[in-house]
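Enquirer: Quick one, work32.csv (CSV, C-alpha atoms):
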chain,number,residue,atom,x,y,z
A,1,MET,CA,-47.9,-54.2,-136.3
A,2,LYS,CA,-49.9,-51.6,-134.4
A,3,ASN,CA,-49.1,-47.9,-134.3
A,4,VAL,CA,-48.8,-46.2,-130.9
A,5,PHE,CA,-48.8,-42.4,-130.6
A,6,LEU,CA,-46.7,-41.1,-127.7
A,7,SER,CA,-47.9,-37.8,-126.2
A,8,TYR,CA,-45.4,-36.1,-124.0
A,9,SER,CA,-43.5,-32.9,-123.0
A,10,ARG,CA,-40.1,-32.4,-124.7
A,11,ARG,CA,-38.6,-32.0,-121.2
A,12,ASP,CA,-39.4,-35.7,-120.6
A,13,ILE,CA,-37.7,-37.0,-123.7
A,14,LYS,CA,-35.3,-39.4,-121.7
A,15,ARG,CA,-38.2,-41.2,-120.0
A,16,VAL,CA,-40.2,-41.2,-123.3
A,17,GLU,CA,-37.3,-42.8,-125.1
A,18,GLU,CA,-37.2,-45.5,-122.5
A,19,LEU,CA,-40.9,-46.1,-123.1
A,20,ARG,CA,-40.4,-46.1,-126.9
A,21,GLN,CA,-37.7,-48.7,-126.7
A,22,ALA,CA,-39.9,-50.9,-124.5
A,23,LEU,CA,-42.7,-50.7,-127.0
A,24,ILE,CA,-40.4,-51.4,-130.0
A,25,GLY,CA,-39.2,-54.5,-128.1
A,26,GLN,CA,-42.8,-55.7,-128.0
A,27,GLY,CA,-43.3,-55.2,-131.8
A,28,TYR,CA,-45.2,-51.9,-131.8
A,29,ARG,CA,-44.5,-48.8,-134.0
A,30,PRO,CA,-44.3,-46.0,-131.5
A,31,TRP,CA,-44.4,-42.5,-133.0
A,32,ILE,CA,-42.9,-39.4,-131.4
A,33,ASP,CA,-42.5,-36.0,-133.0
A,34,PRO,CA,-38.7,-35.5,-133.4
A,35,ASN,CA,-39.0,-31.7,-133.5
A,36,PRO,CA,-42.3,-30.3,-132.3
A,37,ARG,CA,-43.1,-26.8,-133.5
A,38,PRO,CA,-46.2,-24.7,-133.0
A,39,GLY,CA,-48.1,-23.6,-136.0
A,40,GLN,CA,-50.5,-24.9,-138.7
A,41,ASP,CA,-48.1,-27.4,-140.4
A,42,TRP,CA,-47.2,-28.9,-137.1
A,43,ARG,CA,-50.8,-29.4,-136.0
A,44,PHE,CA,-51.8,-31.1,-139.2
A,45,GLU,CA,-48.9,-33.5,-139.1
A,46,ILE,CA,-49.8,-34.3,-135.5
A,47,ASP,CA,-53.5,-34.8,-136.5
A,48,ASP,CA,-52.5,-37.2,-139.2
A,49,ALA,CA,-50.2,-39.2,-136.9
A,50,ILE,CA,-53.0,-39.5,-134.2
A,51,SER,CA,-55.6,-40.4,-136.8
A,52,ASN,CA,-53.4,-43.3,-138.0
A,53,ALA,CA,-52.7,-44.6,-134.4
A,54,ASP,CA,-54.3,-47.7,-133.0
A,55,ALA,CA,-53.7,-46.3,-129.5
A,56,MET,CA,-52.1,-43.4,-127.7
A,57,VAL,CA,-49.9,-43.4,-124.6
A,58,VAL,CA,-49.9,-40.2,-122.6
A,59,VAL,CA,-46.8,-39.6,-120.5
A,60,ILE,CA,-47.8,-37.6,-117.4
A,61,THR,CA,-45.3,-35.3,-115.6
A,62,ALA,CA,-45.8,-31.9,-114.2
A,63,ASP,CA,-44.6,-30.4,-117.5
A,64,SER,CA,-46.9,-32.5,-119.7
A,65,ALA,CA,-49.9,-32.0,-117.5
A,66,SER,CA,-49.7,-28.3,-118.0
A,67,SER,CA,-48.8,-28.5,-121.8
A,68,ILE,CA,-51.5,-27.2,-124.1
A,69,TYR,CA,-50.0,-29.3,-126.9
A,70,VAL,CA,-50.3,-32.6,-124.9
A,71,THR,CA,-53.8,-31.6,-123.9
A,72,TYR,CA,-54.7,-31.0,-127.5
A,73,GLU,CA,-53.3,-34.4,-128.5
A,74,TRP,CA,-55.2,-36.6,-126.1
A,75,SER,CA,-58.4,-34.6,-126.4
A,76,TYR,CA,-58.2,-34.9,-130.2
A,77,ALA,CA,-57.6,-38.7,-129.8
A,78,MET,CA,-60.6,-38.9,-127.5
A,79,GLY,CA,-62.7,-37.2,-130.2
A,80,LEU,CA,-61.6,-39.9,-132.7
A,81,GLY,CA,-62.4,-42.7,-130.3
A,82,ILE,CA,-58.7,-43.8,-130.1
A,83,PRO,CA,-57.9,-45.9,-127.0
A,84,ILE,CA,-55.7,-44.0,-124.5
A,85,VAL,CA,-53.3,-45.3,-121.9
A,86,VAL,CA,-51.9,-43.0,-119.2
A,87,VAL,CA,-48.4,-43.6,-117.8
A,88,ILE,CA,-47.6,-41.5,-114.7
A,89,PHE,CA,-43.9,-40.8,-114.4
A,90,GLN,CA,-44.3,-38.0,-111.8
A,91,GLN,CA,-47.1,-37.3,-109.3
A,92,THR,CA,-49.1,-34.3,-110.4
A,93,GLN,CA,-52.8,-33.4,-110.8
A,94,LEU,CA,-54.3,-35.5,-113.5
A,95,HIS,CA,-56.9,-33.9,-115.8
A,96,PRO,CA,-60.4,-35.2,-114.9
A,97,ARG,CA,-61.0,-36.4,-118.4
A,98,LEU,CA,-58.0,-38.7,-118.1
A,99,THR,CA,-59.0,-40.3,-114.8
A,100,SER,CA,-61.3,-42.7,-116.6
A,101,GLU,CA,-58.6,-44.1,-118.9
A,102,ASP,CA,-56.3,-47.1,-118.1
A,103,THR,CA,-53.6,-45.7,-115.9
A,104,PHE,CA,-50.2,-47.0,-114.9
A,105,ASN,CA,-48.3,-45.2,-112.1
A,106,ILE,CA,-44.5,-45.9,-112.1
A,107,THR,CA,-44.1,-43.9,-108.9
A,108,ALA,CA,-46.2,-46.5,-107.0
A,109,TRP,CA,-43.5,-49.2,-107.7
A,110,THR,CA,-40.3,-49.6,-105.7
A,111,ASP,CA,-38.8,-51.7,-108.5
A,112,GLU,CA,-39.1,-50.1,-112.0
A,113,ASN,CA,-38.3,-53.5,-113.7
A,114,HIS,CA,-41.4,-54.9,-112.1
A,115,PHE,CA,-43.4,-51.9,-113.3
A,116,TRP,CA,-42.3,-52.4,-116.9
A,117,ASP,CA,-43.1,-56.1,-116.7
A,118,ASN,CA,-46.6,-55.4,-115.5
A,119,PHE,CA,-47.2,-52.4,-117.8
A,120,LEU,CA,-46.1,-54.3,-121.0
A,121,LYS,CA,-48.2,-57.4,-120.0
A,122,GLU,CA,-51.3,-55.2,-119.5
A,123,PHE,CA,-50.6,-53.1,-122.6
A,124,ASN,CA,-50.2,-56.1,-124.8
A,125,ARG,CA,-53.5,-57.5,-123.5
A,126,LYS,CA,-55.3,-54.2,-124.3
A,127,MET,CA,-53.7,-54.0,-127.8
A,128,GLU,CA,-54.6,-57.6,-128.6
A,129,SER,CA,-58.2,-56.8,-128.1
A,130,LEU,CA,-58.1,-54.0,-130.7
A,131,PRO,CA,-58.7,-54.7,-134.4
A,132,ALA,CA,-55.7,-53.9,-136.6
A,133,GLN,CA,-55.8,-50.8,-138.9
A,134,SER,CA,-55.0,-52.6,-142.1
A,135,ALA,CA,-54.9,-49.4,-144.1
A,136,SER,CA,-52.8,-47.4,-141.6
A,137,PRO,CA,-49.3,-46.5,-142.9
A,138,ALA,CA,-46.1,-47.1,-141.0
A,139,TYR,CA,-45.0,-43.9,-139.3
A,140,ALA,CA,-41.5,-44.2,-140.5
A,141,ALA,CA,-42.4,-44.7,-144.2
A,142,PRO,CA,-40.2,-42.5,-146.4
A,143,PRO,CA,-42.0,-39.8,-148.6
A,144,GLN,CA,-42.6,-40.6,-152.2
A,145,SER,CA,-40.2,-39.2,-154.7
A,146,ALA,CA,-41.3,-36.2,-156.8
A,147,ALA,CA,-41.6,-38.5,-159.8
A,148,ALA,CA,-44.0,-40.8,-158.0
A,149,GLN,CA,-46.3,-38.1,-156.8
A,150,PRO,CA,-49.6,-37.7,-158.7
A,151,GLN,CA,-49.5,-34.6,-160.9
A,152,SER,CA,-52.0,-31.9,-160.1
A,153,ALA,CA,-52.4,-28.2,-160.7
A,154,PRO,CA,-50.3,-26.0,-158.3
A,155,PRO,CA,-52.4,-24.2,-155.7
A,156,SER,CA,-53.5,-20.8,-156.6
A,157,ALA,CA,-52.3,-17.9,-154.5
A,158,ASP,CA,-55.8,-16.5,-154.2
A,159,LYS,CA,-57.4,-19.9,-153.4
A,160,PRO,CA,-56.3,-21.1,-150.0
A,161,GLN,CA,-56.0,-24.8,-149.6
A,162,ILE,CA,-58.4,-26.2,-147.0
A,163,PRO,CA,-57.8,-29.7,-145.5
A,164,ALA,CA,-60.3,-32.2,-146.9
A,165,TYR,CA,-63.0,-33.8,-144.7
A,166,ASP,CA,-65.6,-36.5,-145.1
A,167,LYS,CA,-68.5,-34.9,-147.0
A,168,SER,CA,-70.5,-38.0,-146.7
A,169,ILE,CA,-71.2,-37.2,-143.1
A,170,MET,CA,-73.9,-34.5,-143.3
A,171,PRO,CA,-77.1,-33.5,-141.4
A,172,THR,CA,-80.3,-34.8,-142.8
A,173,THR,CA,-82.9,-32.5,-141.2
A,174,PRO,CA,-83.6,-29.3,-143.0
A,175,GLY,CA,-82.0,-26.2,-141.5
A,176,TYR,CA,-78.8,-24.4,-140.9
A,177,TRP,CA,-76.0,-26.5,-139.4
A,178,VAL,CA,-72.5,-26.3,-138.0
A,179,VAL,CA,-70.5,-29.6,-138.1
A,180,ILE,CA,-67.2,-30.2,-136.4
A,181,ARG,CA,-64.9,-31.5,-139.1
A,182,ARG,CA,-61.6,-31.5,-137.2
A,183,GLY,CA,-61.1,-31.2,-133.5
A,184,PRO,CA,-62.8,-32.5,-130.3
A,185,LYS,CA,-66.2,-34.2,-130.7
A,186,LEU,CA,-65.4,-35.0,-134.4
A,187,ASN,CA,-68.5,-34.9,-136.7
A,188,THR,CA,-70.8,-33.5,-134.0
A,189,MET,CA,-73.6,-31.5,-135.6
A,190,PHE,CA,-75.2,-28.4,-134.2
A,191,ARG,CA,-78.5,-27.1,-135.7
A,192,LEU,CA,-78.7,-23.3,-135.6
A,193,GLU,CA,-82.1,-22.3,-134.2
A,194,LYS,CA,-81.4,-19.0,-132.6
A,195,ASP,CA,-80.9,-15.6,-134.2
A,196,VAL,CA,-77.6,-15.3,-132.4
A,197,VAL,CA,-75.4,-18.4,-131.7
A,198,THR,CA,-72.2,-18.0,-129.7
A,199,LEU,CA,-69.3,-20.4,-130.0
A,200,GLY,CA,-66.3,-20.8,-127.7
A,201,ARG,CA,-64.5,-22.8,-125.1
A,202,ASP,CA,-66.7,-21.8,-122.2
A,203,VAL,CA,-69.7,-24.1,-121.5
A,204,ALA,CA,-71.9,-21.0,-121.4
A,205,ASN,CA,-71.7,-20.8,-125.2
A,206,ASP,CA,-74.4,-22.3,-127.4
A,207,ILE,CA,-71.7,-24.3,-129.1
A,208,ALA,CA,-68.9,-25.2,-126.7
A,209,ILE,CA,-65.6,-26.6,-128.1
A,210,ASN,CA,-63.1,-27.5,-125.4
A,211,ASP,CA,-59.7,-27.0,-127.1
A,212,PRO,CA,-56.7,-24.7,-126.4
A,213,GLU,CA,-57.0,-23.1,-129.8
A,214,VAL,CA,-60.5,-21.8,-129.0
A,215,SER,CA,-61.1,-18.7,-126.9
A,216,ARG,CA,-63.6,-18.7,-124.1
A,217,TYR,CA,-65.9,-16.6,-126.3
A,218,HIS,CA,-64.5,-17.0,-129.8
A,219,LEU,CA,-67.2,-16.0,-132.3
A,220,ARG,CA,-70.9,-15.6,-132.9
A,221,LEU,CA,-73.2,-16.4,-135.8
A,222,ILE,CA,-76.0,-13.9,-136.4
A,223,LYS,CA,-79.1,-14.6,-138.5
A,224,ARG,CA,-79.5,-12.0,-141.2
A,225,GLY,CA,-82.2,-12.6,-143.7
A,226,GLU,CA,-81.9,-16.1,-145.2
A,227,ALA,CA,-78.5,-16.9,-143.9
A,228,TYR,CA,-76.0,-16.4,-141.1
A,229,VAL,CA,-73.0,-14.1,-140.8
A,230,LEU,CA,-69.9,-14.7,-138.7
A,231,GLU,CA,-68.3,-12.2,-136.3
A,232,ASP,CA,-65.1,-13.0,-134.5
A,233,LEU,CA,-65.2,-11.8,-130.9
A,234,GLY,CA,-61.6,-10.7,-130.6
A,235,SER,CA,-60.4,-14.3,-130.2
A,236,THR,CA,-56.7,-15.0,-129.5
A,237,ASN,CA,-56.1,-17.3,-132.4
A,238,GLY,CA,-58.6,-15.8,-134.9
A,239,SER,CA,-61.2,-17.2,-137.2
A,240,GLN,CA,-61.0,-18.0,-140.9
A,241,VAL,CA,-63.7,-18.6,-143.5
A,242,ASN,CA,-62.5,-20.6,-146.5
A,243,GLY,CA,-58.9,-19.9,-145.5
A,244,VAL,CA,-59.3,-16.1,-145.2
A,245,GLN,CA,-58.9,-14.4,-141.9
A,246,VAL,CA,-62.1,-12.7,-140.6
A,247,HIS,CA,-61.5,-9.1,-139.6
A,248,GLU,CA,-65.1,-7.9,-139.9
A,249,ILE,CA,-68.5,-9.5,-140.2
A,250,LYS,CA,-68.4,-12.2,-142.9
A,251,ALA,CA,-71.5,-13.6,-144.7
A,252,LEU,CA,-71.6,-17.4,-144.8
A,253,GLY,CA,-72.7,-19.6,-147.7
A,254,ASP,CA,-73.6,-23.2,-147.9
A,255,GLY,CA,-70.5,-25.4,-147.6
A,256,ASP,CA,-68.2,-22.7,-146.2
A,257,THR,CA,-65.3,-23.9,-144.1
A,258,ILE,CA,-64.7,-22.2,-140.7
A,259,MET,CA,-61.3,-22.6,-139.1
A,260,LEU,CA,-60.6,-21.6,-135.5
A,261,GLY,CA,-56.9,-21.0,-134.9
A,262,ASP,CA,-54.7,-23.6,-136.5
A,263,ALA,CA,-56.6,-26.7,-135.3
A,264,ILE,CA,-60.4,-26.7,-135.4
A,265,ILE,CA,-62.3,-26.9,-138.7
A,266,LEU,CA,-66.1,-26.5,-138.9
A,267,SER,CA,-68.4,-26.6,-141.9
A,268,TYR,CA,-71.5,-24.4,-142.4
A,269,ASP,CA,-74.2,-26.5,-144.1
A,270,LEU,CA,-77.6,-25.6,-145.3
A,271,ILE,CA,-80.0,-28.5,-145.7
A,272,TYR,CA,-83.0,-27.8,-147.9
A,273,ALA,CA,-86.4,-29.4,-147.4
A,274,THR,CA,-87.3,-31.9,-150.1
Go ahead and render the structure in this file as structure tokens.
Expert:
Amino acid sequence: MKNVFLSYSRRDIKRVEELRQALIGQGYRPWIDPNPRPGQDWRFEIDDAISNADAMVVVITADSASSIYVTYEWSYAMGLGIPIVVVIFQQTQLHPRLTSEDTFNITAWTDENHFWDNFLKEFNRKMESLPAQSASPAYAAPPQSAAAQPQSAPPSADKPQIPAYDKSIMPTTPGYWVVIRRGPKLNTMFRLEKDVVTLGRDVANDIAINDPEVSRYHLRLIKRGEAYVLEDLGSTNGSQVNGVQVHEIKALGDGDTIMLGDAIILSYDLIYAT
């Protein structure tokens, strides 16, 4: 049974529920967030659900097309290489990145029953071509009881908890590197070769990350001696190093974790010559 993440605006919940029931009838596990809420916990829950999805269906209306949360969801899925299907329920301007995805436009049909027959037939064909994620959990699985949870030391108040990432994916060429560990273009590696490296959403930056959490000019990395320091450029959502908010210039060390807003995680890695 394959997992399908539904990305949508809460204002369109009635149409989304119609879509969800249609997918359930075909034997899929559709996931919708019952109570979306902005903030760090919300974003990580969404990330986990997207990561465990075999495919994503993006519901397009005027509201969802302008939603930063919907944009985040499908851009994050693209970064993970998860197949995306677009269902247009209302004519509106489609983001250019979505125009290359499989698209089904209900407004082009005079009979919605015929649309659903066609959509489900084509969706099933697409899903049958995908390998099953044997290790992916069911979205509706209940949480473990406290007794079943593995015992571990409680988190320290002065040691922020940073989400784990795959440390086996590392640069191999000697030098200073920034690697995207969570967010668009997952695992993309950037070698720092300039004395000042800017990072932000605008393509004019040395490192451009197209995500709503990232300001146009978010931060810069400055070479000082044998390492780099980080300076936040007054970004809207802020920068953290190892879970601590950056308010002034912060020196970076090998393996440090940089978080942009609540969503994007980078690592700062120093690879030594052998």
Enquirer: Could you tell me how far atom CA of Ser168 of chain A lies from atom CA of Tyr272 of chain A, in Å and to one decimal?
Expert: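 Atom CA of Tyr272 of chain A lies 16.2 Å from atom CA of Ser168 of chain A.
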Enquirer: Can you list, as a VMD selection string, every protein, DNA or RNA residue that comes within 9 Å of Glu73 of chain A when you count all atoms listed in the file, leaving out same-chain residues fewer than 4 positions away?
Expert: chain A and resid 7 46 to 47 50 58 68 to 69 77 to 78
Enquirer: Those residues with C-alpha atoms, as a PDB file, in the frame of the given file please?
Expert:
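And here's result-v8.pdb as it stands now:
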ATOM      1  CA  SER A   7     -47.900 -37.800-126.200  1.00  0.00           C
ATOM      2  CA  ILE A  46     -49.800 -34.300-135.500  1.00  0.00           C
ATOM      3  CA  ASP A  47     -53.500 -34.800-136.500  1.00  0.00           C
ATOM      4  CA  ILE A  50     -53.000 -39.500-134.200  1.00  0.00           C
ATOM      5  CA  VAL A  58     -49.900 -40.200-122.600  1.00  0.00           C
ATOM      6  CA  ILE A  68     -51.500 -27.200-124.100  1.00  0.00           C
ATOM      7  CA  TYR A  69     -50.000 -29.300-126.900  1.00  0.00           C
ATOM      8  CA  ALA A  77     -57.600 -38.700-129.800  1.00  0.00           C
ATOM      9  CA  MET A  78     -60.600 -38.900-127.500  1.00  0.00           C
TER      10      MET A  78
END
Enquirer: By how many Å are atom CA of Asp254 of chain A and atom CA of Val241 of chain A apart?
Expert: 11.8 Å
Enquirer: May I have the residues at most 12 Å from (-83.6, -29.9, -144.5) in the file's coordinates, counting all atoms listed in the file, as a PyMOL selection string?
Expert: chain A and resi 170-177+191+269-274
Enquirer: Write a file of the just-selected residues containing C-alpha atoms, as a PDB file, in the frame of the given file.
Expert:
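Output (again15.pdb):
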ATOM      1  CA  MET A 170     -73.900 -34.500-143.300  1.00  0.00           C
ATOM      2  CA  PRO A 171     -77.100 -33.500-141.400  1.00  0.00           C
ATOM      3  CA  THR A 172     -80.300 -34.800-142.800  1.00  0.00           C
ATOM      4  CA  THR A 173     -82.900 -32.500-141.200  1.00  0.00           C
ATOM      5  CA  PRO A 174     -83.600 -29.300-143.000  1.00  0.00           C
ATOM      6  CA  GLY A 175     -82.000 -26.200-141.500  1.00  0.00           C
ATOM      7  CA  TYR A 176     -78.800 -24.400-140.900  1.00  0.00           C
ATOM      8  CA  TRP A 177     -76.000 -26.500-139.400  1.00  0.00           C
ATOM      9  CA  ARG A 191     -78.500 -27.100-135.700  1.00  0.00           C
ATOM     10  CA  ASP A 269     -74.200 -26.500-144.100  1.00  0.00           C
ATOM     11  CA  LEU A 270     -77.600 -25.600-145.300  1.00  0.00           C
ATOM     12  CA  ILE A 271     -80.000 -28.500-145.700  1.00  0.00           C
ATOM     13  CA  TYR A 272     -83.000 -27.800-147.900  1.00  0.00           C
ATOM     14  CA  ALA A 273     -86.400 -29.400-147.400  1.00  0.00           C
ATOM     15  CA  THR A 274     -87.300 -31.900-150.100  1.00  0.00           C
TER      16      THR A 274
END
Enquirer: When distances are computed from all atoms listed in the file, which of A:Thr257, A:Ser66, A:Thr198, A:Asn105 shows the smallest separation from Ile222 of chain A?
Expert: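 Looking only at the distances to Ile222 of chain A, the closest residue turns out to be A:Thr198.
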Enquirer: Select, from A:Met56, A:Ala263, A:Val246, A:Ile169, the residue with the minimum atom-to-atom distance to Gly81 of chain A, counting only C-alpha atoms.
Expert: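 Selected residue with least distance to Gly81 of chain A: A:Met56.
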Enquirer: Please measure the separation of atom CA of Leu230 of chain A and atom CA of Leu199 of chain A, giving the value in Å to one decimal.
Expert: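 One can read the atom CA of Leu230 of chain A to atom CA of Leu199 of chain A distance as 10.4 Å.
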Enquirer: Could you list, as a PDB file with C-alpha atoms, in the frame of the given file, every residue within 12 Å of segment 83-85 of chain A, counting only C-alpha atoms and ignoring same-chain residues fewer than 6 positions away?
Expert:
ATOM      1  CA  ASN A   3     -49.100 -47.900-134.300  1.00  0.00           C
ATOM      2  CA  VAL A   4     -48.800 -46.200-130.900  1.00  0.00           C
ATOM      3  CA  PHE A   5     -48.800 -42.400-130.600  1.00  0.00           C
ATOM      4  CA  LEU A   6     -46.700 -41.100-127.700  1.00  0.00           C
ATOM      5  CA  SER A   7     -47.900 -37.800-126.200  1.00  0.00           C
ATOM      6  CA  ILE A  50     -53.000 -39.500-134.200  1.00  0.00           C
ATOM      7  CA  SER A  51     -55.600 -40.400-136.800  1.00  0.00           C
ATOM      8  CA  ALA A  53     -52.700 -44.600-134.400  1.00  0.00           C
ATOM      9  CA  ASP A  54     -54.300 -47.700-133.000  1.00  0.00           C
ATOM     10  CA  ALA A  55     -53.700 -46.300-129.500  1.00  0.00           C
ATOM     11  CA  MET A  56     -52.100 -43.400-127.700  1.00  0.00           C
ATOM     12  CA  VAL A  57     -49.900 -43.400-124.600  1.00  0.00           C
ATOM     13  CA  VAL A  58     -49.900 -40.200-122.600  1.00  0.00           C
ATOM     14  CA  VAL A  59     -46.800 -39.600-120.500  1.00  0.00           C
ATOM     15  CA  ILE A  60     -47.800 -37.600-117.400  1.00  0.00           C
ATOM     16  CA  GLU A  73     -53.300 -34.400-128.500  1.00  0.00           C
ATOM     17  CA  TRP A  74     -55.200 -36.600-126.100  1.00  0.00           C
ATOM     18  CA  SER A  75     -58.400 -34.600-126.400  1.00  0.00           C
ATOM     19  CA  TYR A  76     -58.200 -34.900-130.200  1.00  0.00           C
ATOM     20  CA  ALA A  77     -57.600 -38.700-129.800  1.00  0.00           C
ATOM     21  CA  ARG A  97     -61.000 -36.400-118.400  1.00  0.00           C
ATOM     22  CA  LEU A  98     -58.000 -38.700-118.100  1.00  0.00           C
ATOM     23  CA  THR A  99     -59.000 -40.300-114.800  1.00  0.00           C
ATOM     24  CA  SER A 100     -61.300 -42.700-116.600  1.00  0.00           C
ATOM     25  CA  GLU A 101     -58.600 -44.100-118.900  1.00  0.00           C
ATOM     26  CA  ASP A 102     -56.300 -47.100-118.100  1.00  0.00           C
ATOM     27  CA  THR A 103     -53.600 -45.700-115.900  1.00  0.00           C
ATOM     28  CA  PHE A 104     -50.200 -47.000-114.900  1.00  0.00           C
ATOM     29  CA  ASN A 105     -48.300 -45.200-112.100  1.00  0.00           C
ATOM     30  CA  PHE A 119     -47.200 -52.400-117.800  1.00  0.00           C
ATOM     31  CA  LEU A 120     -46.100 -54.300-121.000  1.00  0.00           C
ATOM     32  CA  GLU A 122     -51.300 -55.200-119.500  1.00  0.00           C
ATOM     33  CA  PHE A 123     -50.600 -53.100-122.600  1.00  0.00           C
ATOM     34  CA  ASN A 124     -50.200 -56.100-124.800  1.00  0.00           C
ATOM     35  CA  LYS A 126     -55.300 -54.200-124.300  1.00  0.00           C
ATOM     36  CA  MET A 127     -53.700 -54.000-127.800  1.00  0.00           C
ATOM     37  CA  SER A 129     -58.200 -56.800-128.100  1.00  0.00           C
ATOM     38  CA  LEU A 130     -58.100 -54.000-130.700  1.00  0.00           C
ATOM     39  CA  PRO A 131     -58.700 -54.700-134.400  1.00  0.00           C
TER      40      PRO A 131
END
Enquirer: Counting only C-alpha atoms, which of A:Asp195, A:Thr71, A:Ile88, A:Leu94 gets nearest to Glu213 of chain A?
Expert: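 When distances to Glu213 of chain A are compared using only C-alpha atoms, the smallest one comes from A:Thr71.
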Enquirer: At a cut-off of 7 Å, using only C-alpha atoms, what residues contact Arg216 of chain A? Leave out same-chain residues fewer than 3 positions from it and give the result as number ranges by chain.
Expert: A: 200-202
Enquirer: Skipping near chain neighbours, those fewer than 4 positions away, what residues fall within 9 Å of Val178 of chain A using only C-alpha atoms, listed as a short mmCIF file (atom, residue, chain, number, x, y, z; two decimals) with C-alpha atoms, in the frame of the given file?
Expert:
data_model
loop_
_atom_site.label_atom_id
_atom_site.label_comp_id
_atom_site.auth_asym_id
_atom_site.auth_seq_id
_atom_site.Cartn_x
_atom_site.Cartn_y
_atom_site.Cartn_z
CA THR A 188 -70.80 -33.50 -134.00
CA MET A 189 -73.60 -31.50 -135.60
CA PHE A 190 -75.20 -28.40 -134.20
CA ARG A 191 -78.50 -27.10 -135.70
CA LEU A 192 -78.70 -23.30 -135.60
CA LEU A 266 -66.10 -26.50 -138.90
CA SER A 267 -68.40 -26.60 -141.90
CA TYR A 268 -71.50 -24.40 -142.40
CA ASP A 269 -74.20 -26.50 -144.10
CA LEU A 270 -77.60 -25.60 -145.30
#
Enquirer: Using all atoms listed in the file for the distances, tell me which of A:Phe89, A:Gln245, A:Ser235, A:Gly79 is nearest to Asp12 of chain A.
Expert: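 Answer, going by the shortest atom-to-atom distance: A:Phe89.
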